[in-house]
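J.: Enclosed is the structure file protein.txt (compact mmCIF, C-alpha atoms and all ligand atoms).
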# COMPACT_ATOMS: atom_id res chain seq x y z
CA MET R 517 -19.05 -11.10 -67.93
CA LYS R 518 -16.32 -13.09 -66.12
CA GLU R 519 -17.02 -13.84 -62.43
CA LEU R 520 -13.36 -13.58 -61.42
CA LYS R 521 -10.72 -11.21 -62.84
CA THR R 522 -7.10 -10.45 -62.01
CA VAL R 523 -5.64 -7.06 -61.07
CA GLU R 524 -3.56 -7.13 -64.27
CA GLU R 525 -6.64 -7.42 -66.51
CA SER R 526 -7.81 -3.90 -65.64
CA MET R 527 -4.47 -2.08 -65.06
CA VAL R 528 -4.14 1.31 -66.79
CA GLU R 529 -1.02 3.34 -67.65
CA GLN R 530 -1.35 6.90 -68.94
CA VAL R 531 1.49 9.25 -69.95
CA HIS R 532 1.57 13.07 -70.28
CA LEU R 533 4.19 15.62 -71.28
CA LEU R 534 3.77 18.72 -69.10
CA MET R 535 2.85 21.75 -71.23
CA PRO R 536 2.33 25.41 -70.22
CA SER R 537 -1.46 24.83 -69.91
CA HIS R 538 -0.86 22.28 -67.09
CA ILE R 539 1.23 24.64 -64.95
CA ASN R 540 0.01 26.89 -62.10
CA GLY R 541 1.17 30.39 -61.07
CA SER R 542 4.13 29.01 -59.10
CA GLY R 543 5.53 27.14 -62.10
CA ARG R 544 4.42 23.67 -60.97
CA LEU R 545 1.91 21.11 -62.18
CA PHE R 546 -1.57 22.36 -61.17
CA GLY R 547 -3.05 19.98 -58.56
CA GLY R 548 -6.54 20.20 -60.10
CA GLN R 549 -5.16 19.04 -63.47
CA LEU R 550 -3.46 16.08 -61.83
CA LEU R 551 -6.66 15.22 -59.98
CA GLU R 552 -8.56 15.11 -63.30
CA TRP R 553 -5.98 12.72 -64.80
CA ILE R 554 -6.08 10.56 -61.64
CA ASP R 555 -9.88 10.31 -61.78
CA VAL R 556 -9.83 9.35 -65.48
CA VAL R 557 -7.21 6.62 -64.87
CA GLY R 558 -9.16 5.36 -61.84
CA ALA R 559 -12.45 5.34 -63.74
CA ILE R 560 -11.02 3.41 -66.72
CA THR R 561 -9.43 0.85 -64.36
CA ALA R 562 -12.81 0.35 -62.65
CA LYS R 563 -14.74 0.22 -65.97
CA ARG R 564 -12.35 -2.40 -67.37
CA HIS R 565 -12.95 -4.59 -64.34
CA ALA R 566 -16.73 -4.04 -64.12
CA GLU R 567 -17.35 -4.09 -67.88
CA CYS R 568 -19.99 -1.38 -67.41
CA ASN R 569 -20.19 2.31 -66.53
CA THR R 570 -19.00 3.46 -63.13
CA THR R 571 -19.28 6.59 -61.03
CA THR R 572 -16.76 8.07 -58.60
CA VAL R 573 -18.09 7.88 -55.06
CA ALA R 574 -15.03 8.75 -52.93
CA ILE R 575 -11.48 10.04 -53.29
CA ASP R 576 -9.20 9.80 -50.31
CA ASN R 577 -5.61 9.56 -49.20
CA LEU R 578 -4.61 11.97 -51.95
CA GLN R 579 -1.00 12.81 -51.11
CA PHE R 580 1.14 15.21 -53.16
CA LYS R 581 4.71 14.05 -52.46
CA ALA R 582 6.70 16.26 -54.88
CA GLY R 583 6.17 18.92 -57.53
CA ALA R 584 6.44 18.42 -61.29
CA PHE R 585 7.58 20.99 -63.84
CA ILE R 586 7.25 21.97 -67.48
CA ASN R 587 8.60 19.38 -69.96
CA ASP R 588 8.47 16.61 -67.31
CA THR R 589 7.07 13.24 -68.40
CA ILE R 590 4.24 12.24 -66.06
CA VAL R 591 3.16 8.60 -65.74
CA LEU R 592 -0.02 7.50 -63.99
CA ILE R 593 -0.71 3.85 -63.13
CA GLY R 594 -4.09 2.61 -61.92
CA ARG R 595 -4.68 -0.78 -60.34
CA LEU R 596 -7.55 -2.35 -58.44
CA THR R 597 -6.90 -3.01 -54.77
CA TYR R 598 -10.30 -4.21 -53.58
CA VAL R 599 -13.80 -5.04 -54.78
CA GLY R 600 -16.96 -5.10 -52.68
CA ASN R 601 -20.37 -6.06 -53.97
CA THR R 602 -20.85 -3.10 -56.36
CA SER R 603 -17.90 -0.89 -55.35
CA MET R 604 -14.22 -1.02 -56.35
CA GLU R 605 -11.19 0.68 -54.81
CA VAL R 606 -8.46 1.80 -57.24
CA ARG R 607 -4.98 2.96 -56.30
CA VAL R 608 -3.47 5.50 -58.68
CA ASP R 609 0.29 6.17 -58.48
CA THR R 610 1.74 9.15 -60.31
CA TYR R 611 5.43 9.43 -61.22
CA SER R 612 7.66 11.99 -62.82
CA GLU R 613 9.93 10.09 -65.26
CA ASP R 614 13.41 11.42 -66.06
CA LEU R 615 15.29 11.01 -69.35
CA SER R 616 16.91 7.76 -68.17
CA GLY R 617 13.44 6.31 -67.46
CA LEU R 618 13.80 6.57 -63.67
CA ARG R 619 10.41 7.21 -62.04
CA LYS R 620 10.04 9.44 -58.96
CA PRO R 621 6.70 9.07 -57.12
CA ILE R 622 4.86 12.41 -56.93
CA ASN R 623 1.38 11.35 -55.85
CA ARG R 624 -0.62 8.39 -54.53
CA ALA R 625 -4.40 8.33 -54.37
CA TYR R 626 -7.13 5.83 -53.50
CA LEU R 627 -10.50 6.23 -55.20
CA VAL R 628 -13.76 4.33 -54.91
CA TYR R 629 -16.04 3.70 -57.90
CA VAL R 630 -19.46 2.09 -58.04
CA ALA R 631 -20.59 0.07 -61.08
CA ILE R 632 -23.95 1.32 -62.33
CA ASN R 633 -26.51 0.30 -64.92
CA GLU R 634 -28.30 2.64 -67.35
CA GLU R 635 -30.67 3.78 -64.59
CA GLY R 636 -27.73 4.68 -62.31
CA THR R 637 -28.48 1.74 -59.99
CA PRO R 638 -25.45 -0.05 -58.47
CA VAL R 639 -24.73 -3.46 -60.04
CA LYS R 640 -22.57 -6.39 -58.97
CA VAL R 641 -18.91 -6.52 -60.11
CA PRO R 642 -16.63 -9.55 -60.75
CA ARG R 643 -14.60 -10.83 -57.79
CA LEU R 644 -10.89 -9.97 -57.71
CA LYS R 645 -8.32 -12.77 -58.09
CA LEU R 646 -5.24 -11.87 -56.02
CA THR R 647 -2.06 -13.48 -57.31
CA THR R 648 0.80 -11.77 -55.43
CA GLU R 649 1.73 -11.00 -51.82
CA GLY R 650 1.65 -7.27 -52.69
CA GLN R 651 -1.94 -7.56 -53.95
CA ARG R 652 -2.98 -9.43 -50.78
CA ALA R 653 -1.35 -6.71 -48.61
CA GLU R 654 -3.19 -3.99 -50.61
CA TRP R 655 -6.48 -5.84 -50.11
CA ASP R 656 -5.91 -5.99 -46.32
CA SER R 657 -5.16 -2.23 -46.17
CA ALA R 658 -8.22 -1.54 -48.34
CA LEU R 659 -10.41 -3.33 -45.79
CA LYS R 660 -9.15 -0.87 -43.15
CA ARG R 661 -9.77 2.15 -45.43
CA ASN R 662 -13.24 0.78 -46.17
CA ASP R 663 -14.05 0.57 -42.43
CA LEU R 664 -12.77 4.14 -41.95
CA ARG R 665 -14.97 5.41 -44.83
CA LYS R 666 -18.01 3.67 -43.35
CA LEU R 667 -17.29 5.24 -39.95
CA ARG R 668 -16.91 8.70 -41.53
CA ARG R 669 -20.24 8.27 -43.39
CA LYS R 670 -21.93 7.16 -40.16
CA GLU R 671 -20.53 10.18 -38.32
CA GLY R 672 -21.58 12.53 -41.16
CA PHE R 673 -18.04 13.60 -42.25
C1 LIG R 701 -22.69 5.83 -56.14
C2 LIG R 701 -24.19 5.77 -55.87
C3 LIG R 701 -24.90 5.31 -57.15
C4 LIG R 701 -24.38 4.70 -54.79
O1 LIG R 701 -25.75 4.71 -54.47
P1 LIG R 701 -26.23 4.30 -53.00
O2 LIG R 701 -27.67 4.46 -52.90
O3 LIG R 701 -25.34 4.96 -52.00
O4 LIG R 701 -25.95 2.75 -53.05
P2 LIG R 701 -25.51 1.80 -51.88
O5 LIG R 701 -25.78 2.36 -50.52
O6 LIG R 701 -26.11 0.46 -52.24
O7 LIG R 701 -23.93 1.71 -52.05
C5 LIG R 701 -23.36 1.08 -53.19
C6 LIG R 701 -21.91 0.82 -52.88
O8 LIG R 701 -21.25 2.06 -52.79
C7 LIG R 701 -20.52 2.14 -51.58
N1 LIG R 701 -20.53 3.52 -51.16
C8 LIG R 701 -21.57 4.35 -51.11
N2 LIG R 701 -21.17 5.57 -50.67
C9 LIG R 701 -19.83 5.48 -50.47
C10 LIG R 701 -18.82 6.38 -50.01
N3 LIG R 701 -19.09 7.65 -49.70
N4 LIG R 701 -17.55 5.95 -49.91
C11 LIG R 701 -17.22 4.67 -50.24
N5 LIG R 701 -18.14 3.76 -50.69
C12 LIG R 701 -19.41 4.17 -50.78
C13 LIG R 701 -21.28 1.22 -50.63
O9 LIG R 701 -20.44 0.79 -49.58
C14 LIG R 701 -21.67 0.09 -51.56
O10 LIG R 701 -20.56 -0.75 -51.76
P3 LIG R 701 -20.73 -2.36 -51.93
O11 LIG R 701 -21.88 -2.59 -52.86
O12 LIG R 701 -19.44 -2.81 -52.54
O13 LIG R 701 -20.96 -2.93 -50.58
C15 LIG R 701 -24.76 7.13 -55.40
O14 LIG R 701 -24.24 7.42 -54.11
C16 LIG R 701 -24.41 8.27 -56.33
O15 LIG R 701 -24.96 8.37 -57.43
N6 LIG R 701 -23.48 9.16 -55.91
C17 LIG R 701 -23.02 10.26 -56.74
C18 LIG R 701 -21.88 9.79 -57.62
C19 LIG R 701 -21.46 10.86 -58.61
O16 LIG R 701 -22.26 11.56 -59.18
N7 LIG R 701 -20.14 10.94 -58.85
C20 LIG R 701 -19.57 11.89 -59.74
C21 LIG R 701 -18.89 12.92 -58.94
S1 LIG R 701 -18.77 14.41 -59.81
Spit out the file's structure as structure tokens when you get a sec.

T.:
Amino acid sequence: MKELKTVEESMVEQVHLLMPSHINGSGRLFGGQLLEWIDVVGAITAKRHAECNTTTVAIDNLQFKAGAFINDTIVLIGRLTYVGNTSMEVRVDTYSEDLSGLRKPINRAYLVYVAINEEGTPVKVPRLKLTTEGQRAEWDSALKRNDLRKLRRKEGF
């Protein structure tokens, strides 16, 4: 296993065409369906970085910005924003893509995964090599989210 990996090495892109089975009673993409896709993209991003199994430990900042409708093309992109000792934060952006290829953001989520061994015990993950200003800014915001999560755990939220 490498000790240091870039954000690009674990990035994931997943595409869906919205079908009737993805739509809720008000004719829009069902939020629970989107959440499943987001968690799969996040988990694969984390697994690619950790090179072992991972488990979802927290999902936060899940913001639905716009609806999506039948026949829309949905694109999800997962990228690592932060790694701790055994935990990893992944940002998943979801877009609705029109016929010209223009992508409108419909959701942004941050998820935390923990790398685990066969016994389910947390294991160390490679460090993250940041190569752009955007990645460094994401890392700094992730530190703040991490502190907030710790505070919430301490307060029993
Ligand atoms: C994930 C799990 C293995 C961690 O075990 P644990 O005994 O809490 O282990 P630790 O306290 O050593 O924490 C391990 C890491 O997880 C992080 N962590 C634990 N709980 C967290 C939470 N609620 N939010 C964010 N990070 C969390 C810790 O900060 C630590 O990160 P670090 O190693 O990078 O510093 C355990 O909590 C678990 O199995 N949870 C259930 C996960 C699950 O079943 N998910 C599927 C959902 S359906």

J.: Write out as a ChimeraX atom specification each polymer residue (protein, DNA or RNA) that has an atom no more than 7 Å from ligand LIG 701 (chain R), with only C-alpha atoms and all ligand atoms counted.

T.: /R:571-574,599-604,628,630,632,636-638,662,665-666,669

J.: May I ask for the distance between CA of Glu635 (chain R) and CA of Asn569 (chain R), given in Å to one decimal place?

T.: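 That distance, rounded to one decimal, is 10.8 Å.
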
J.: Give me, please, the distance in Å between CA of Leu520 (chain R) and CA of Tyr629 (chain R), quoted to one decimal.

T.: 17.8 Å

J.: Taking (-3.4, -6.1, -54.7) in the file's own coordinates, collect the residues within 9 Å, counting only C-alpha atoms, and hand them back as a compact mmCIF listing (two decimals) with C-alpha atoms, keeping the file's coordinate frame.

T.:
# COMPACT_ATOMS: atom_id res chain seq x y z
CA VAL R 523 -5.64 -7.06 -61.07
CA ARG R 595 -4.68 -0.78 -60.34
CA LEU R 596 -7.55 -2.35 -58.44
CA THR R 597 -6.90 -3.01 -54.77
CA TYR R 598 -10.30 -4.21 -53.58
CA LEU R 644 -10.89 -9.97 -57.71
CA LYS R 645 -8.32 -12.77 -58.09
CA LEU R 646 -5.24 -11.87 -56.02
CA THR R 647 -2.06 -13.48 -57.31
CA THR R 648 0.80 -11.77 -55.43
CA GLU R 649 1.73 -11.00 -51.82
CA GLY R 650 1.65 -7.27 -52.69
CA GLN R 651 -1.94 -7.56 -53.95
CA ARG R 652 -2.98 -9.43 -50.78
CA ALA R 653 -1.35 -6.71 -48.61
CA GLU R 654 -3.19 -3.99 -50.61
CA TRP R 655 -6.48 -5.84 -50.11
CA ASP R 656 -5.91 -5.99 -46.32

J.: From the list R:Leu534, R:Ile575, R:Val557, R:Leu545, which residue is nearest Asp609 (chain R) when using all atoms listed in the file?

T.: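 Closest residue, counting all atoms listed in the file: R:Val557.
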
J.: Here's a test: counting all atoms listed in the file, identify every protein, DNA and RNA residue with an atom at most 12 Å from (7.9, 28.1, -65.0) in the file's coordinate frame, and state them as a list of chain:residue names.

T.: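 Answer for this query, in the requested form: R:Leu534, R:Met535, R:Pro536, R:Ser537, R:His538, R:Ile539, R:Asn540, R:Gly541, R:Ser542, R:Gly543, R:Arg544, R:Leu545, R:Phe546, R:Gly583, R:Ala584, R:Phe585, R:Ile586, R:Asn587, R:Asp588.
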
J.: Would you put the residues from that selection into a file with C-alpha atoms, as an mmCIF file, in the frame of the given file?

T.:
data_model
loop_
_atom_site.group_PDB
_atom_site.id
_atom_site.type_symbol
_atom_site.label_atom_id
_atom_site.label_comp_id
_atom_site.auth_asym_id
_atom_site.auth_seq_id
_atom_site.Cartn_x
_atom_site.Cartn_y
_atom_site.Cartn_z
ATOM 1 C CA LEU R 534 3.770 18.720 -69.100
ATOM 2 C CA MET R 535 2.850 21.750 -71.230
ATOM 3 C CA PRO R 536 2.330 25.410 -70.220
ATOM 4 C CA SER R 537 -1.460 24.830 -69.910
ATOM 5 C CA HIS R 538 -0.860 22.280 -67.090
ATOM 6 C CA ILE R 539 1.230 24.640 -64.950
ATOM 7 C CA ASN R 540 0.010 26.890 -62.100
ATOM 8 C CA GLY R 541 1.170 30.390 -61.070
ATOM 9 C CA SER R 542 4.130 29.010 -59.100
ATOM 10 C CA GLY R 543 5.530 27.140 -62.100
ATOM 11 C CA ARG R 544 4.420 23.670 -60.970
ATOM 12 C CA LEU R 545 1.910 21.110 -62.180
ATOM 13 C CA PHE R 546 -1.570 22.360 -61.170
ATOM 14 C CA GLY R 583 6.170 18.920 -57.530
ATOM 15 C CA ALA R 584 6.440 18.420 -61.290
ATOM 16 C CA PHE R 585 7.580 20.990 -63.840
ATOM 17 C CA ILE R 586 7.250 21.970 -67.480
ATOM 18 C CA ASN R 587 8.600 19.380 -69.960
ATOM 19 C CA ASP R 588 8.470 16.610 -67.310
#

J.: Determine, counting all atoms listed in the file, which protein, DNA and RNA residues have an atom within 9 Å of an atom of His532 (chain R); residues of the same chain fewer than 6 positions away are not included. Present the result as a list in words.

T.: Asp588, Thr589, Ile590, Val591 and Leu592 of chain R

J.: Quick one: pull the distance between CA of Val641 (chain R) and CA of Gly594 (chain R), Å, one decimal.

T.: 17.5 Å

J.: Can you work out which one of R:Lys640, R:Arg668, R:Lys660, R:Arg624 has the shortest atom-to-atom distance to Thr570 (chain R), counting all atoms listed in the file?

T.: R:Lys640
